[in-house]
Amino acid sequence: PRPGSSPALQAWVDEIAERARSRLGTGRVADYIPALADQDPERFGLALCTNDGNLYTAGDAGMPFSIQSLSKVLLLSLALRTHGDVLWRRVGLNPSGMPFNSLMQLETEGGKPRNPFINAGAIVVADHLVSAFATPSKHLQDIARTLSGNPRVLIDHEVLGSEWRHRARNAAAAYLMKAFGNLDNEVDEVLETYFACCALRMSCRDLAVALNYLAADGRALTTGERFVPPAMAQRINALMFTSGMYDAAGDFAYRVGLPAKSGVGGGIVAIVPGQMSICAWSPALDASGNSVAAQYALERVAEGLGRWSPGAT
Ligand code: GLN
């Protein structure tokens with residue numbers, strides 16, 4: 001990726017970042033673990049990466065933050081690449097309509113999580129990776145480095161330790177699934193992998209570049225190689241569209257209309273298939289756990305997209 005070559009597109013990205021700043025001060029920083037509670041709610045970053053490798057950034061786009069649930073997209077991509085569709089015997093494909101850490105459906109639905117983007121679903125995906133790789137979180141870190149082109153992408157051990165100490169709810173989900181026979185490996189090992197992936201630190205720039213394969217039929221921008229087959233990229237986008245924003249997926253689909261995935265670190269990645277990947281970040285969240293200012297920025301991006309499509313005049 002190189003700095004964007006269109007001054008008009010850069011000016012548009014700058015303008016969106018400026019307008020999004022007016023939304024700072026609404027929402028609350030995640031405080032379920034102490035390591036995230038001290039994030040600065042005034043931060044805002046935006047990065048837009050076109051499929052031809054132009055990168056447009058504004059604000060704190062280069063500042064690394066905790067990717068949290070954004071890692072669920074990488075986890076799923078890796079699991080599908082390794083195991084294919086057998087994964088769907090153990091995880092569903094439908095929106096949950098519940099908060100991302102809810103336990104209710106797990107009990108009534110036989111320990112099969114509704115989708116891979118709620119915590120329970122990602123824990124099952126992590127279980128697959130524990131079966132397949134000797135050091136799954138290190139493998140995911142390497143993939144994040146390769147896809148982003150940034151060798152400094154790291155697992156934040158303070159966040160990892162904090163997740164571990166405050167793991168009661170995620171551990172409850174994992175034990176419930178273990179009791180239903182939907183976890184092959186030891187609960188502690190699976191949880192540790194899941195938390196390590198959540199604790200990856202990446203910037204908007206890193207994420208927009210790394211997840212560009214979802215906009216580009218599965219082809220990674222940094223290596224030019226296919227990370228996932230085209231049909232798999234399409235299906236991951238479909239899941240992001242229906243479940244990437246948790247119980248607010250319908251609202252977000254109505255307002256923005258793009259496949260997207262959020263994390264409680266305040267990041268949201270959105271995909272414009274065939275064109276570009278976008279990452280917006282600001283730590284203050286709404287009641288569903290989605291960043292207020294990042295959602296606002298993505299709404300503005302979506303409303304202006306027609307102007308920037310290939311062939312638009
Ligand atoms: N680490 C978080 C958790 O397990 C991830 C959730 C999220 O980003 N929505 O609760």
# chains A, B, ... in the order shown; residues from 1 in each chain; ligands from 1
call {"tool": "closest_atom_pairs", "arguments": {"of": "chain A", "to": "ligand 1", "cutoff": "7 Å", "atoms": "only C-alpha atoms and all ligand atoms", "output": "JSON lines"}}
result
{"residue": "A:Gln68", "atom": "CA", "partner": "ligand 1", "partner_atom_place_in_ligand_line": "8 (O)", "distance": 4.3}
{"residue": "A:Ser69", "atom": "CA", "partner": "ligand 1", "partner_atom_place_in_ligand_line": "8 (O)", "distance": 3.6}
{"residue": "A:Leu70", "atom": "CA", "partner": "ligand 1", "partner_atom_place_in_ligand_line": "8 (O)", "distance": 6.9}
{"residue": "A:Phe100", "atom": "CA", "partner": "ligand 1", "partner_atom_place_in_ligand_line": "9 (N)", "distance": 5.9}
{"residue": "A:Asn101", "atom": "CA", "partner": "ligand 1", "partner_atom_place_in_ligand_line": "10 (O)", "distance": 6.1}
{"residue": "A:Asn119", "atom": "CA", "partner": "ligand 1", "partner_atom_place_in_ligand_line": "4 (O)", "distance": 5.9}
{"residue": "A:Glu163", "atom": "CA", "partner": "ligand 1", "partner_atom_place_in_ligand_line": "1 (N)", "distance": 6.6}
{"residue": "A:Asn170", "atom": "CA", "partner": "ligand 1", "partner_atom_place_in_ligand_line": "4 (O)", "distance": 6.2}
{"residue": "A:Phe195", "atom": "CA", "partner": "ligand 1", "partner_atom_place_in_ligand_line": "1 (N)", "distance": 6.2}
{"residue": "A:Cys198", "atom": "CA", "partner": "ligand 1", "partner_atom_place_in_ligand_line": "1 (N)", "distance": 5.3}
{"residue": "A:Ser262", "atom": "CA", "partner": "ligand 1", "partner_atom_place_in_ligand_line": "8 (O)", "distance": 6.8}
{"residue": "A:Gly263", "atom": "CA", "partner": "ligand 1", "partner_atom_place_in_ligand_line": "8 (O)", "distance": 3.6}
{"residue": "A:Val264", "atom": "CA", "partner": "ligand 1", "partner_atom_place_in_ligand_line": "8 (O)", "distance": 3.9}
{"residue": "A:Gly265", "atom": "CA", "partner": "ligand 1", "partner_atom_place_in_ligand_line": "8 (O)", "distance": 6.4}
{"residue": "A:Gly289", "atom": "CA", "partner": "ligand 1", "partner_atom_place_in_ligand_line": "9 (N)", "distance": 6.3}
call {"tool": "select_by_dssp", "arguments": {"residues": "segment 23-204 of chain A", "states": "alpha helix (DSSP H)", "output": "ChimeraX atom specification"}}
result
/A:34-37,71-83,104-108,119-132,136-148,157-165,168-179,187-198,204
call {"tool": "select_by_dssp", "arguments": {"residues": "segment 117-246 of chain A", "states": "strand (DSSP E or B)", "output": "JSON, numbers by chain"}}
result
{"A": [154, 155, 200, 201, 202, 219, 226]}
call {"tool": "write_last_selection", "arguments": {"atoms": "C-alpha atoms", "output": "compact mmCIF listing (two decimals), in the first residue's frame"}}
result
# COMPACT_ATOMS: atom_id res chain seq x y z
CA LEU A 154 1.87 -7.77 18.67
CA ILE A 155 -0.25 -9.59 21.21
CA LEU A 200 -3.69 -8.32 19.23
CA ARG A 201 -2.84 -4.65 18.80
CA MET A 202 -3.24 -3.16 15.35
CA ARG A 219 -6.50 -11.98 -2.43
CA ARG A 226 -5.02 -15.77 -2.30
call {"tool": "residues_around", "arguments": {"residues": "Ala199 of chain A", "least_positions_apart": "4", "cutoff": "12 Å", "atoms": "only C-alpha atoms", "output": "PyMOL selection string"}}
result
chain A and resi 33+35-36+64-72+137-138+140-141+153-164+192-195+263-265
call {"tool": "residues_around", "arguments": {"residues": "Leu298 of chain A", "least_positions_apart": "2", "cutoff": "10 Å", "atoms": "only C-alpha atoms", "output": "list of chain:residue names"}}
result
A:Ile16, A:Ala20, A:Leu46, A:Phe252, A:Arg255, A:Val256, A:Gly257, A:Leu258, A:Ala260, A:Ile268, A:Val269, A:Ala270, A:Ile278, A:Cys279, A:Ala280, A:Ala293, A:Ala294, A:Gln295, A:Tyr296, A:Arg300, A:Val301, A:Ala302, A:Glu303, A:Gly304
call {"tool": "closest_residue", "arguments": {"among": "A:Arg81, A:Arg165, A:Lys178, A:Arg307", "to": "Lys112 of chain A", "atoms": "only C-alpha atoms"}}
result
A:Lys178
call {"tool": "atom_distance", "arguments": {"atom1": "atom CA of Leu75 of chain A", "atom2": "atom CA of Ala126 of chain A"}}
result
6.9 Å
call {"tool": "residues_around", "arguments": {"residues": "Thr50 of chain A", "least_positions_apart": "2", "cutoff": "12 Å", "atoms": "only C-alpha atoms", "output": "number ranges by chain"}}
result
A: 1-6, 9-10, 47-48, 52-57, 205, 208-216, 221, 271-279, 308-310
call {"tool": "closest_residue", "arguments": {"among": "A:Leu207, A:Met232, A:Ala238, A:Leu78", "to": "Gly149 of chain A", "atoms": "only C-alpha atoms"}}
result
A:Leu207
call {"tool": "atom_distance", "arguments": {"atom1": "atom CA of Asp286 of chain A", "atom2": "atom CA of Thr108 of chain A"}}
result
27.7 Å
call {"tool": "closest_residue", "arguments": {"among": "A:Phe44, A:Trp12, A:Phe227, A:Phe117", "to": "Gly267 of chain A", "atoms": "only C-alpha atoms"}}
result
A:Phe44
call {"tool": "closest_residue", "arguments": {"among": "A:Pro7, A:Pro99, A:Pro41, A:Gly244", "to": "Ser282 of chain A", "atoms": "only C-alpha atoms"}}
result
A:Pro41
call {"tool": "atom_distance", "arguments": {"atom1": "atom CA of Arg23 of chain A", "atom2": "atom CA of Asn51 of chain A"}}
result
29.0 Å
call {"tool": "residues_around", "arguments": {"residues": "Gly27 of chain A", "least_positions_apart": "3", "cutoff": "7 Å", "atoms": "only C-alpha atoms", "output": "ChimeraX atom specification"}}
result
/A:284-286,292
call {"tool": "write_last_selection", "arguments": {"atoms": "N, CA and C atoms", "output": "PDB file, in the first residue's frame"}}
result
ATOM      1  N   ALA A 284     -14.995   4.979  22.547  1.00  0.00           N
ATOM      2  CA  ALA A 284     -16.272   5.032  23.272  1.00  0.00           C
ATOM      3  C   ALA A 284     -17.364   4.269  22.515  1.00  0.00           C
ATOM      4  N   LEU A 285     -18.064   3.395  23.256  1.00  0.00           N
ATOM      5  CA  LEU A 285     -19.021   2.443  22.668  1.00  0.00           C
ATOM      6  C   LEU A 285     -20.467   2.771  23.028  1.00  0.00           C
ATOM      7  N   ASP A 286     -21.394   2.294  22.184  1.00  0.00           N
ATOM      8  CA  ASP A 286     -22.819   2.367  22.541  1.00  0.00           C
ATOM      9  C   ASP A 286     -23.198   1.114  23.341  1.00  0.00           C
ATOM     10  N   VAL A 292     -19.249   4.497  18.843  1.00  0.00           N
ATOM     11  CA  VAL A 292     -20.188   5.531  18.396  1.00  0.00           C
ATOM     12  C   VAL A 292     -19.597   6.326  17.225  1.00  0.00           C
TER      13      VAL A 292
END
call {"tool": "closest_residue", "arguments": {"among": "A:Ser77, A:Phe180, A:Ile123, A:Leu87", "to": "Ala233 of chain A", "atoms": "only C-alpha atoms"}}
result
A:Ser77
call {"tool": "residues_around", "arguments": {"residues": "Gly181 of chain A", "least_positions_apart": "5", "cutoff": "10 Å", "atoms": "only C-alpha atoms", "output": "list in words"}}
result
Arg90, Gly110, Gly111, Lys112, Tyr175 and Leu176 of chain A
call {"tool": "write_last_selection", "arguments": {"atoms": "N, CA and C atoms", "output": "mmCIF file, in the first residue's frame"}}
result
data_model
loop_
_atom_site.group_PDB
_atom_site.id
_atom_site.type_symbol
_atom_site.label_atom_id
_atom_site.label_comp_id
_atom_site.auth_asym_id
_atom_site.auth_seq_id
_atom_site.Cartn_x
_atom_site.Cartn_y
_atom_site.Cartn_z
ATOM 1 N N ARG A 90 -20.734 -27.184 14.031
ATOM 2 C CA ARG A 90 -20.565 -26.799 15.441
ATOM 3 C C ARG A 90 -20.876 -25.339 15.740
ATOM 4 N N GLY A 110 -28.457 -26.410 22.760
ATOM 5 C CA GLY A 110 -27.547 -27.556 22.764
ATOM 6 C C GLY A 110 -26.077 -27.230 22.647
ATOM 7 N N GLY A 111 -25.684 -26.036 23.097
ATOM 8 C CA GLY A 111 -24.264 -25.697 23.102
ATOM 9 C C GLY A 111 -23.710 -25.318 21.742
ATOM 10 N N LYS A 112 -24.589 -25.083 20.766
ATOM 11 C CA LYS A 112 -24.138 -24.654 19.432
ATOM 12 C C LYS A 112 -24.351 -23.150 19.291
ATOM 13 N N TYR A 175 -17.250 -23.639 29.248
ATOM 14 C CA TYR A 175 -17.604 -24.843 30.021
ATOM 15 C C TYR A 175 -18.960 -25.401 29.606
ATOM 16 N N LEU A 176 -19.906 -24.498 29.322
ATOM 17 C CA LEU A 176 -21.226 -24.958 28.894
ATOM 18 C C LEU A 176 -21.101 -25.725 27.575
#
call {"tool": "decode", "arguments": {"residues": "segment 96-220 of chain A", "atoms": "C-alpha atoms", "output": "compact mmCIF listing (two decimals), in the first residue's frame"}}
result
# COMPACT_ATOMS: atom_id res chain seq x y z
CA SER A 96 -28.23 -14.03 17.58
CA GLY A 97 -30.19 -10.89 18.37
CA MET A 98 -28.45 -11.05 21.75
CA PRO A 99 -25.43 -9.32 23.29
CA PHE A 100 -22.08 -10.77 22.13
CA ASN A 101 -21.37 -12.43 25.48
CA SER A 102 -24.86 -13.83 26.15
CA LEU A 103 -25.20 -17.40 27.48
CA MET A 104 -28.95 -17.85 27.06
CA GLN A 105 -29.13 -19.46 23.61
CA LEU A 106 -26.22 -21.77 24.40
CA GLU A 107 -28.24 -23.53 27.07
CA THR A 108 -31.44 -23.82 25.02
CA GLU A 109 -29.73 -24.64 21.71
CA GLY A 110 -27.55 -27.56 22.76
CA GLY A 111 -24.26 -25.70 23.10
CA LYS A 112 -24.14 -24.65 19.43
CA PRO A 113 -23.43 -20.91 19.18
CA ARG A 114 -25.59 -18.95 16.74
CA ASN A 115 -22.66 -17.61 14.69
CA PRO A 116 -18.86 -17.28 14.70
CA PHE A 117 -18.89 -13.57 15.60
CA ILE A 118 -20.35 -13.81 19.08
CA ASN A 119 -17.91 -14.84 21.83
CA ALA A 120 -19.16 -18.42 22.12
CA GLY A 121 -18.89 -18.90 18.36
CA ALA A 122 -15.34 -17.55 18.26
CA ILE A 123 -14.41 -19.84 21.18
CA VAL A 124 -15.53 -22.86 19.09
CA VAL A 125 -13.50 -21.51 16.15
CA ALA A 126 -10.50 -21.12 18.49
CA ASP A 127 -11.01 -24.76 19.57
CA HIS A 128 -10.63 -25.82 15.90
CA LEU A 129 -7.39 -23.89 15.66
CA VAL A 130 -6.05 -25.39 18.90
CA SER A 131 -6.62 -28.82 17.30
CA ALA A 132 -4.89 -27.78 14.08
CA PHE A 133 -1.86 -25.75 15.18
CA ALA A 134 0.81 -26.16 17.86
CA THR A 135 0.79 -22.42 18.66
CA PRO A 136 -2.45 -21.05 17.20
CA SER A 137 -2.27 -17.50 18.61
CA LYS A 138 1.29 -17.07 17.39
CA HIS A 139 0.16 -18.36 14.01
CA LEU A 140 -2.62 -15.77 13.96
CA GLN A 141 -0.15 -13.05 14.96
CA ASP A 142 2.08 -14.06 12.04
CA ILE A 143 -0.87 -13.95 9.68
CA ALA A 144 -1.86 -10.50 10.98
CA ARG A 145 1.72 -9.33 10.36
CA THR A 146 1.86 -10.73 6.86
CA LEU A 147 -1.58 -9.47 5.82
CA SER A 148 -0.96 -5.98 7.23
CA GLY A 149 2.66 -5.80 6.09
CA ASN A 150 3.54 -4.64 9.61
CA PRO A 151 6.04 -6.86 11.48
CA ARG A 152 5.41 -4.90 14.68
CA VAL A 153 1.86 -6.24 15.17
CA LEU A 154 1.87 -7.77 18.67
CA ILE A 155 -0.25 -9.59 21.21
CA ASP A 156 -0.64 -7.19 24.17
CA HIS A 157 0.21 -9.25 27.24
CA GLU A 158 -1.32 -6.79 29.67
CA VAL A 159 -4.69 -7.09 27.91
CA LEU A 160 -4.28 -10.87 27.69
CA GLY A 161 -3.60 -11.10 31.45
CA SER A 162 -6.56 -8.85 32.22
CA GLU A 163 -8.89 -10.95 30.02
CA TRP A 164 -7.67 -14.05 31.82
CA ARG A 165 -8.27 -12.65 35.31
CA HIS A 166 -11.77 -11.49 34.36
CA ARG A 167 -12.69 -14.52 32.27
CA ALA A 168 -15.74 -15.69 34.25
CA ARG A 169 -18.35 -15.11 31.55
CA ASN A 170 -16.29 -16.40 28.63
CA ALA A 171 -15.22 -19.36 30.78
CA ALA A 172 -18.89 -20.04 31.57
CA ALA A 173 -19.66 -20.13 27.84
CA ALA A 174 -16.70 -22.43 27.19
CA TYR A 175 -17.60 -24.84 30.02
CA LEU A 176 -21.23 -24.96 28.89
CA MET A 177 -20.11 -25.87 25.37
CA LYS A 178 -17.66 -28.41 26.77
CA ALA A 179 -20.53 -30.00 28.72
CA PHE A 180 -22.52 -30.26 25.48
CA GLY A 181 -19.56 -31.91 23.74
CA ASN A 182 -18.87 -28.92 21.47
CA LEU A 183 -15.27 -28.30 22.60
CA ASP A 184 -12.55 -30.85 21.78
CA ASN A 185 -9.68 -29.33 23.77
CA GLU A 186 -9.21 -28.24 27.36
CA VAL A 187 -11.21 -25.14 28.24
CA ASP A 188 -8.17 -23.22 29.57
CA GLU A 189 -6.15 -23.78 26.42
CA VAL A 190 -9.00 -22.71 24.15
CA LEU A 191 -9.74 -19.61 26.24
CA GLU A 192 -6.09 -18.60 26.27
CA THR A 193 -6.01 -18.79 22.46
CA TYR A 194 -9.24 -16.81 22.14
CA PHE A 195 -7.98 -14.09 24.52
CA ALA A 196 -4.56 -13.88 22.86
CA CYS A 197 -6.24 -13.24 19.50
CA CYS A 198 -8.53 -10.57 21.05
CA ALA A 199 -5.41 -8.96 22.56
CA LEU A 200 -3.69 -8.32 19.23
CA ARG A 201 -2.84 -4.65 18.80
CA MET A 202 -3.24 -3.16 15.35
CA SER A 203 -3.94 0.29 13.93
CA CYS A 204 -6.72 1.38 11.52
CA ARG A 205 -4.08 1.37 8.82
CA ASP A 206 -2.96 -2.19 9.68
CA LEU A 207 -6.55 -3.45 9.76
CA ALA A 208 -7.73 -1.77 6.55
CA VAL A 209 -4.74 -3.30 4.72
CA ALA A 210 -4.94 -6.70 6.45
CA LEU A 211 -8.67 -7.26 5.80
CA ASN A 212 -8.57 -5.93 2.24
CA TYR A 213 -8.68 -9.58 1.06
CA LEU A 214 -12.40 -9.54 1.87
CA ALA A 215 -12.89 -6.74 -0.67
CA ALA A 216 -10.61 -8.42 -3.20
CA ASP A 217 -12.07 -11.93 -3.73
CA GLY A 218 -9.78 -13.33 -1.04
CA ARG A 219 -6.50 -11.98 -2.43
CA ALA A 220 -4.11 -10.43 0.12
